[in-house]
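Q: Let me begin by handing over the structure; questions about it come next.
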Amino acid sequence: MRRRVLVVLTTLALGGPLLAVPAGPAVAAPADLADLADLARSAPSAPSAPAARATPPPKRAVAIGRGGGVTSVDADASRIGLAVLRRGGNAVDAAVATAAALGVTEPYSAGVGGGGYLVFYNARTGRVRTIDGRETAPSAIPRDAFIDPATGEPYTFTPDLVTSGVSVGVPGTPDTWRTALRRWGTRSLAQVLEPSARLAERGFIVDDTFRSQTADNEERFSAIRTTRRLFLRGGELPRVGSRFRNPALARTYRALGRNPALFRRGALPREISRTVQRPPAVPGTTLPVPRGYLRPRDFRRYQARVQAPTRTAYRGLEVVGMGPSGSGGTTVGEALNILEPSGLRGLDDGAYLHQYLEASALAFADRGAYLGDPRFVDVPVRDLLSQRYADERRCLLDPARASTKPLEAGDVTAYDGRCGTPSGRSTSPEDHENVSTTHLTVADRWGNVVAYTLTIEQTGGSGIVVPGRGFLLNNELTDFSLTYDATDPNRLAPGKRPRSSMSPTIVLRGGRPVLAVGSPGGSTIITTVLQVLLNRLERGMTLRQAVAAPRASQRNTATVSAEPGFIDRYGALLEGTYGHDLVPSGDAFTSAAEIGAVTAIEIGRRGRLTVVAEPTRRGGGSARVLRPAGRR
Ligand code: GLU
């Protein structure tokens, strides 16, 4: 890591620079406080359907103030988190409450049937800790589980593996919540779950996003009895403006509140195991819905892991993130280290974006070669985050021309920071990750900060609802590599956690948090977090601008996936001048062409918070602050 002390020339004024600003051309003038306040007032609310019976609660993409803030993709979830803060709960209490609410209103992206990663800055100790709540492969899963025994050939990814029991891992979210509250919270699980139990009981108002996500999943949801009953009542898509109730989930939340070991032993692990081993497929469905391997003992063994974060020094700041089994911390960190000497602030848009894309590709090459569950493979975290290593990787970055992808991984066993010969190490650019998941960010009045990304993997997970329990099971095991290469660190194994891209990140200055950020989006999560960080730290954008700006993602593949707005703005420049090949983002599973759905909080002087969500992606998010600026 680069040990370079920069004199901080400016204070951390709202919308002002987080970094020390060297002399040189500024790229864009950061908006001042008044601009941001205007933006907050004019932030669009969620789209509502003309014929709706009710409108979803309004959302604002920016909130500025003090006393604590919550930001998530959903208005009910942010409201519930904020209420916890208002009643004296801390950031961890509010984060769990918000996550539980997302399990109700964003059931295709998050919930107790899935897993996630939580990064926590503890204001009392000044330390950052993380929880790896990743799903885990069953102990009885064969190493060739992704081969169809009927044919001897690999299952097709979609629909076979995606809608299946085979890809369901032991859920990690219940133990993440329990662990976070027990260690750092001030409320019981029952207390923080109750508002979401009520929300599930009373129902939430269906918006366009929920309806279109259901429509994207209609075929496979129709193939599973329990899922069809819950999400396609009467065989119909939920109508925008109608109320969606899930009393079974309310009962599950209350049972979990009474018994935090609900997912560890007893009836529920047996029910989930049965469901995975014999998915409740509709008779006569054409989808194969292969059976899986979970057993009750897998639940008894499951433990969320409390671990240290990754740390990357970047221009006087410290960027802390999620270590393995997450690949976010090392990949974002390595890319930052590669870019650090670039003087990004002084570059024009084309030169800057070119370097951002190339650094991402280099870091992704290493991700593919080295990242996996650290209980199973030796992940060279220290080397990957060494500035000397990054300097050597940087030698491969031609500032004038895009490289030919896929790039080889570097050699972490021999590097000296100087340009040398390529390592010859191949890396798999294979990428099956889908664009689901959700991220929430919370800060409280005491200075605690939580960045928490959770998922059930695919939008709609495995497509399998546990009978009578109101939640979908994950299909997280599809994040393992599907090949059987013995050298692949992310190869499937019993009891192993699949590599993740989730990248909840907190930026510290002088040991105190100044920014927290994260996003959904499969492997694009990493590039989204990187891009937002660079937008904010290097490109003179306010946080709101940094989040709203169009995105592109280079993950060591021949083409760069980019949002239409990005292609319109920078396509000709990046293709013509630098030789990148930009293709519109979006995938076969969803109708959305967006990359990510960020939430972020910036912590300014004397605890002033800029709380930000997406203005439009996924229908816009909901940023809330306890004491809005300008109000007493
Ligand atoms: N399964 C992905 C991961 O852990 C996240 C899912 C998504 O965002 O689509 O990296």
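Residue numbering restarts at 1 in every chain; chains get A, B, ... in the order shown in the structure tokens, and ligands count up from 1 in that same order.
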Using DSSP on the backbone coordinates, identify the residues of stretch 118-205 of chain A assigned to helix (DSSP H, G or I); present them as a PyMOL selection string.
A: chain A and resi 157-161+173-184+189-202
Q: Go ahead and dump the residues you just picked, C-alpha atoms, as a short mmCIF file (atom, residue, chain, number, x, y, z; two decimals), in the first residue's frame.
A:
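Ended up saving to result_1.cif:
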data_model
loop_
_atom_site.label_atom_id
_atom_site.label_comp_id
_atom_site.auth_asym_id
_atom_site.auth_seq_id
_atom_site.Cartn_x
_atom_site.Cartn_y
_atom_site.Cartn_z
CA PHE A 157 -27.38 -22.64 -16.46
CA THR A 158 -30.85 -21.34 -17.27
CA PRO A 159 -33.31 -22.76 -16.51
CA ASP A 160 -31.89 -25.95 -14.96
CA LEU A 161 -29.43 -24.64 -12.38
CA THR A 173 -28.93 -14.01 6.65
CA PRO A 174 -30.66 -15.16 9.87
CA ASP A 175 -27.31 -15.78 11.57
CA THR A 176 -25.93 -12.48 10.21
CA TRP A 177 -28.77 -10.60 11.91
CA ARG A 178 -28.43 -12.57 15.13
CA THR A 179 -24.65 -12.12 15.21
CA ALA A 180 -24.73 -8.40 14.40
CA LEU A 181 -27.33 -7.66 17.08
CA ARG A 182 -25.69 -9.84 19.72
CA ARG A 183 -22.29 -8.23 19.21
CA TRP A 184 -23.09 -4.63 18.45
CA LEU A 189 -34.14 -9.65 17.14
CA ALA A 190 -37.84 -9.70 18.07
CA GLN A 191 -37.85 -5.92 18.47
CA VAL A 192 -36.21 -5.14 15.15
CA LEU A 193 -38.24 -7.72 13.22
CA GLU A 194 -41.64 -6.68 14.53
CA PRO A 195 -42.15 -3.63 12.25
CA SER A 196 -41.43 -5.82 9.23
CA ALA A 197 -43.72 -8.55 10.49
CA ARG A 198 -46.46 -5.92 10.64
CA LEU A 199 -45.54 -4.68 7.17
CA ALA A 200 -45.76 -8.22 5.80
CA GLU A 201 -49.13 -8.68 7.47
CA ARG A 202 -50.67 -5.39 6.33
#
Q: For the interface of chain A with ligand 1 (cut-off 8 Å, counting only C-alpha atoms and all ligand atoms), please tabulate each contacting residue of chain A alongside its nearest pair of atoms and their separation in Å to one decimal, rows sorted by chain and increasing number, as CSV.
A:
residue,atom,partner,partner_atom_place_in_ligand_line,distance
A:Gly116,CA,ligand 1,4 (O),7.4
A:Arg134,CA,ligand 1,4 (O),7.9
A:Gly326,CA,ligand 1,4 (O),7.5
A:Glu433,CA,ligand 1,9 (O),5.7
A:Asn434,CA,ligand 1,9 (O),4.1
A:Val435,CA,ligand 1,9 (O),3.5
A:Ser436,CA,ligand 1,9 (O),3.6
A:Thr437,CA,ligand 1,8 (O),4.3
A:Thr438,CA,ligand 1,8 (O),7.2
A:Leu454,CA,ligand 1,5 (C),7.8
A:Thr455,CA,ligand 1,6 (C),5.9
A:Ile456,CA,ligand 1,6 (C),6.9
A:Glu457,CA,ligand 1,6 (C),4.0
A:Gln458,CA,ligand 1,9 (O),5.6
A:Thr459,CA,ligand 1,9 (O),7.1
A:Glu476,CA,ligand 1,1 (N),5.8
A:Thr478,CA,ligand 1,1 (N),7.8
A:Asp479,CA,ligand 1,1 (N),5.8
A:Pro498,CA,ligand 1,4 (O),7.8
A:Arg499,CA,ligand 1,4 (O),6.8
A:Ser500,CA,ligand 1,10 (O),3.6
A:Ser501,CA,ligand 1,10 (O),3.5
A:Met502,CA,ligand 1,10 (O),4.7
A:Ser519,CA,ligand 1,8 (O),7.8
A:Pro520,CA,ligand 1,8 (O),4.3
A:Gly521,CA,ligand 1,8 (O),3.8
A:Gly522,CA,ligand 1,7 (C),3.4
A:Ser523,CA,ligand 1,10 (O),5.8
A:Thr524,CA,ligand 1,8 (O),7.9
A:Ile525,CA,ligand 1,8 (O),6.7
Q: Which residue out of A:Thr312, A:Ser585, A:Asn337, A:Asn90 has the minimum interatomic distance to A:Gly68 when only C-alpha atoms are used?
A: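 Smallest separation from A:Gly68 among the options: A:Asn90.
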Q: Using atom CA of A:Pro142 and atom CA of A:Gly266 as the two end points, give the distance in Å to one decimal.
A: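 Taking atom CA of A:Pro142 as the start and atom CA of A:Gly266 as the end point, the length is 25.1 Å.
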Q: List every residue of stretch 122-288 of chain A that DSSP, applied to the backbone of this structure, assigns to strand (DSSP E), and report them as a short mmCIF file (atom, residue, chain, number, x, y, z; two decimals) with N, CA, C and O atoms, in the first residue's frame.
A:
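Output contents, as saved in states_25.cif:
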data_model
loop_
_atom_site.label_atom_id
_atom_site.label_comp_id
_atom_site.auth_asym_id
_atom_site.auth_seq_id
_atom_site.Cartn_x
_atom_site.Cartn_y
_atom_site.Cartn_z
N ASN A 122 -17.46 0.78 14.18
CA ASN A 122 -17.89 0.89 15.57
C ASN A 122 -17.29 2.16 16.17
O ASN A 122 -16.08 2.26 16.37
N ARG A 127 -13.07 0.79 15.48
CA ARG A 127 -12.64 -0.33 14.62
C ARG A 127 -13.72 -0.69 13.61
O ARG A 127 -14.90 -0.48 13.84
N VAL A 128 -13.27 -1.29 12.52
CA VAL A 128 -14.23 -1.82 11.54
C VAL A 128 -14.18 -3.34 11.61
O VAL A 128 -13.10 -3.94 11.60
N ARG A 129 -15.36 -3.94 11.69
CA ARG A 129 -15.47 -5.40 11.62
C ARG A 129 -16.47 -5.74 10.52
O ARG A 129 -17.30 -4.91 10.15
N THR A 130 -16.38 -6.95 10.05
CA THR A 130 -17.31 -7.36 9.00
C THR A 130 -17.94 -8.70 9.36
O THR A 130 -17.38 -9.47 10.14
N ILE A 131 -19.09 -8.95 8.77
CA ILE A 131 -19.71 -10.28 8.90
C ILE A 131 -19.86 -10.88 7.51
O ILE A 131 -20.45 -10.27 6.62
N ASP A 132 -19.28 -12.07 7.36
CA ASP A 132 -19.48 -12.86 6.15
C ASP A 132 -20.66 -13.78 6.43
O ASP A 132 -20.51 -14.78 7.14
N GLY A 133 -21.81 -13.41 5.91
CA GLY A 133 -23.02 -14.22 6.10
C GLY A 133 -23.38 -14.93 4.80
O GLY A 133 -24.55 -14.99 4.42
N PHE A 204 -47.67 -4.22 1.44
CA PHE A 204 -47.07 -3.01 0.86
C PHE A 204 -47.72 -2.77 -0.50
O PHE A 204 -48.35 -3.67 -1.07
N ILE A 205 -47.58 -1.54 -0.97
CA ILE A 205 -48.20 -1.19 -2.25
C ILE A 205 -47.27 -1.59 -3.39
O ILE A 205 -46.12 -1.18 -3.44
N ARG A 243 -52.31 -4.07 -2.91
CA ARG A 243 -51.57 -4.32 -1.67
C ARG A 243 -51.09 -5.76 -1.66
O ARG A 243 -51.89 -6.67 -1.87
N PHE A 244 -49.82 -5.95 -1.42
CA PHE A 244 -49.27 -7.30 -1.42
C PHE A 244 -49.01 -7.74 0.02
O PHE A 244 -48.18 -7.16 0.71
#
Q: Could you state the separation of atom CA of A:Leu626 and atom CA of A:Met322 in Å, given to one decimal place?
A: 27.8 Å
Q: From the list A:Pro238, A:Gly470, A:Gly65, A:Pro57, which residue is nearest A:Arg608 when using only C-alpha atoms?
A: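 Of A:Pro238, A:Gly470, A:Gly65, A:Pro57, the one nearest A:Arg608 is A:Gly65, counting only C-alpha atoms.
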Q: Quick one: distance from atom CA of A:Ala623 to atom CA of A:Val62 in Å, one decimal?
A: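 A separation of 5.4 Å between them.
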Q: Find the residue from A:Ala402, A:Leu237, A:Ala308, A:Ala359 that sits nearest to A:Glu218; use only C-alpha atoms when measuring.
A: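 Using only C-alpha atoms, A:Glu218 sits closest to A:Leu237.
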Q: For A:Thr227, list every protein, DNA or RNA residue within 7 Å, evaluated using only C-alpha atoms, and leave out those in the same chain fewer than 4 positions away; present the list as a list in words.
A: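 My reading of the contact set: Phe221, Phe231, Gly463, Ile464 and Val465 of chain A.
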Q: With all heavy atoms retained, write the just-selected residues as a PDB file, in the first residue's frame.
A:
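What follows is the written file part_13.pdb:
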ATOM      1  N   PHE A 221     -41.785 -18.969 -11.808  1.00  0.00           N
ATOM      2  CA  PHE A 221     -42.648 -18.928 -10.620  1.00  0.00           C
ATOM      3  C   PHE A 221     -43.893 -19.795 -10.845  1.00  0.00           C
ATOM      4  O   PHE A 221     -44.409 -20.405  -9.918  1.00  0.00           O
ATOM      5  CB  PHE A 221     -43.069 -17.494 -10.294  1.00  0.00           C
ATOM      6  CG  PHE A 221     -42.007 -16.655  -9.599  1.00  0.00           C
ATOM      7  CD1 PHE A 221     -40.724 -17.128  -9.406  1.00  0.00           C
ATOM      8  CD2 PHE A 221     -42.313 -15.383  -9.130  1.00  0.00           C
ATOM      9  CE1 PHE A 221     -39.747 -16.362  -8.780  1.00  0.00           C
ATOM     10  CE2 PHE A 221     -41.353 -14.599  -8.490  1.00  0.00           C
ATOM     11  CZ  PHE A 221     -40.066 -15.086  -8.319  1.00  0.00           C
ATOM     12  N   PHE A 231     -46.737 -15.486  -5.156  1.00  0.00           N
ATOM     13  CA  PHE A 231     -46.416 -14.303  -5.971  1.00  0.00           C
ATOM     14  C   PHE A 231     -47.279 -14.151  -7.232  1.00  0.00           C
ATOM     15  O   PHE A 231     -47.267 -13.092  -7.853  1.00  0.00           O
ATOM     16  CB  PHE A 231     -44.935 -14.315  -6.353  1.00  0.00           C
ATOM     17  CG  PHE A 231     -44.030 -14.134  -5.173  1.00  0.00           C
ATOM     18  CD1 PHE A 231     -43.135 -15.124  -4.788  1.00  0.00           C
ATOM     19  CD2 PHE A 231     -44.084 -12.967  -4.409  1.00  0.00           C
ATOM     20  CE1 PHE A 231     -42.304 -14.958  -3.687  1.00  0.00           C
ATOM     21  CE2 PHE A 231     -43.260 -12.791  -3.303  1.00  0.00           C
ATOM     22  CZ  PHE A 231     -42.370 -13.793  -2.938  1.00  0.00           C
ATOM     23  N   GLY A 463     -36.327 -19.445  -7.078  1.00  0.00           N
ATOM     24  CA  GLY A 463     -37.726 -19.522  -7.521  1.00  0.00           C
ATOM     25  C   GLY A 463     -38.568 -20.408  -6.614  1.00  0.00           C
ATOM     26  O   GLY A 463     -39.749 -20.625  -6.891  1.00  0.00           O
ATOM     27  N   ILE A 464     -37.962 -20.887  -5.531  1.00  0.00           N
ATOM     28  CA  ILE A 464     -38.675 -21.848  -4.672  1.00  0.00           C
ATOM     29  C   ILE A 464     -39.015 -21.204  -3.327  1.00  0.00           C
ATOM     30  O   ILE A 464     -38.125 -20.834  -2.551  1.00  0.00           O
ATOM     31  CB  ILE A 464     -37.808 -23.107  -4.428  1.00  0.00           C
ATOM     32  CG1 ILE A 464     -37.434 -23.761  -5.763  1.00  0.00           C
ATOM     33  CG2 ILE A 464     -38.537 -24.085  -3.511  1.00  0.00           C
ATOM     34  CD1 ILE A 464     -36.415 -24.889  -5.629  1.00  0.00           C
ATOM     35  N   VAL A 465     -40.313 -21.075  -3.055  1.00  0.00           N
ATOM     36  CA  VAL A 465     -40.773 -20.591  -1.755  1.00  0.00           C
ATOM     37  C   VAL A 465     -40.928 -21.793  -0.823  1.00  0.00           C
ATOM     38  O   VAL A 465     -41.467 -22.828  -1.221  1.00  0.00           O
ATOM     39  CB  VAL A 465     -42.134 -19.860  -1.913  1.00  0.00           C
ATOM     40  CG1 VAL A 465     -42.805 -19.626  -0.566  1.00  0.00           C
ATOM     41  CG2 VAL A 465     -41.945 -18.539  -2.653  1.00  0.00           C
TER      42      VAL A 465
END
Q: Measuring atom to atom with only C-alpha atoms, identify which of A:Arg539, A:Phe480, A:Leu353, A:Arg605 is nearest to A:Ala562.
A: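 Going through A:Arg539, A:Phe480, A:Leu353, A:Arg605 one by one, the smallest distance to A:Ala562 is for A:Leu353.
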Q: Counting only C-alpha atoms, what is within 8 Å of stretch 575-583 of chain A, bar same-chain residues fewer than 5 positions away, as a list in words?
A: His354, Ala400, Arg401, Ala402, Ala558, Thr559, Val560, Ser561, Ala562 and Ile567 of chain A
Q: If you count only C-alpha atoms, which residues fall within 12 Å of A:Arg618, apart from same-chain ones fewer than 3 positions away, as an MDAnalysis selection string?
A: chainID A and resid 45:47 61 72:74 106 109 207:213 435:438 519:521 590:599 613:615 621:622
Q: Do you know which residues are at most 7 Å from stretch 389-396 of chain A counting only C-alpha atoms, after dropping those on the same chain fewer than 3 positions away, and could you put them as JSON, numbers by chain?
A: {"A": [334, 337, 338, 383, 384, 386, 410, 415, 416, 417, 418, 419]}
Q: Taking into account only C-alpha atoms, which residue in the set A:Glu340, A:Asp148, A:Asp373, A:Glu602 is nearest to A:Leu534?
A: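 Nearest candidate to A:Leu534 out of A:Glu340, A:Asp148, A:Asp373, A:Glu602: A:Glu340.
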Q: If you take only C-alpha atoms and a cut-off of 9 Å, which residues of stretch 53-141 of chain A touch stretch 250-258 of chain A, and what are their nearest atom pairs and distances in Å to one decimal, in chain and number order, as CSV?
A:
residue,atom,partner,partner_atom,distance
A:Ala100,CA,A:Tyr253,CA,8.4
A:Val104,CA,A:Ala250,CA,8.7
A:Val112,CA,A:Tyr253,CA,8.9
Q: Using only C-alpha atoms, which residues sit within 12 Å of A:Gly88 once same-chain residues fewer than 3 positions away are excluded, as JSON, numbers by chain?
A: {"A": [67, 68, 81, 82, 83, 84, 85, 91, 92, 93, 94, 185, 186, 187, 444, 445, 446, 626]}
Q: For the residues selected in the previous step, produce a file with C-alpha atoms as an mmCIF file, in the first residue's frame.
A:
data_model
loop_
_atom_site.group_PDB
_atom_site.id
_atom_site.type_symbol
_atom_site.label_atom_id
_atom_site.label_comp_id
_atom_site.auth_asym_id
_atom_site.auth_seq_id
_atom_site.Cartn_x
_atom_site.Cartn_y
_atom_site.Cartn_z
ATOM 1 C CA GLY A 67 -28.830 12.576 13.880
ATOM 2 C CA GLY A 68 -28.722 9.443 11.734
ATOM 3 C CA GLY A 81 -34.883 1.699 9.682
ATOM 4 C CA LEU A 82 -35.239 5.374 10.475
ATOM 5 C CA ALA A 83 -37.915 4.658 13.088
ATOM 6 C CA VAL A 84 -35.461 2.382 14.874
ATOM 7 C CA LEU A 85 -32.915 5.213 14.963
ATOM 8 C CA ALA A 91 -26.978 1.733 13.222
ATOM 9 C CA VAL A 92 -26.778 -2.039 13.602
ATOM 10 C CA ASP A 93 -30.320 -2.267 14.994
ATOM 11 C CA ALA A 94 -31.549 -0.071 12.138
ATOM 12 C CA GLY A 185 -26.828 -4.025 18.644
ATOM 13 C CA THR A 186 -28.945 -2.643 21.447
ATOM 14 C CA ARG A 187 -32.249 -4.271 20.474
ATOM 15 C CA ASP A 444 -26.411 6.820 13.575
ATOM 16 C CA ARG A 445 -26.037 9.757 15.936
ATOM 17 C CA TRP A 446 -23.112 8.144 17.735
ATOM 18 C CA LEU A 626 -33.491 11.903 11.188
#
Q: Please determine, counting only C-alpha atoms, which residue among A:Gly540, A:Val625, A:Ile80, A:Arg491 has the shortest atom-to-atom distance to A:Arg345.
A: A:Gly540
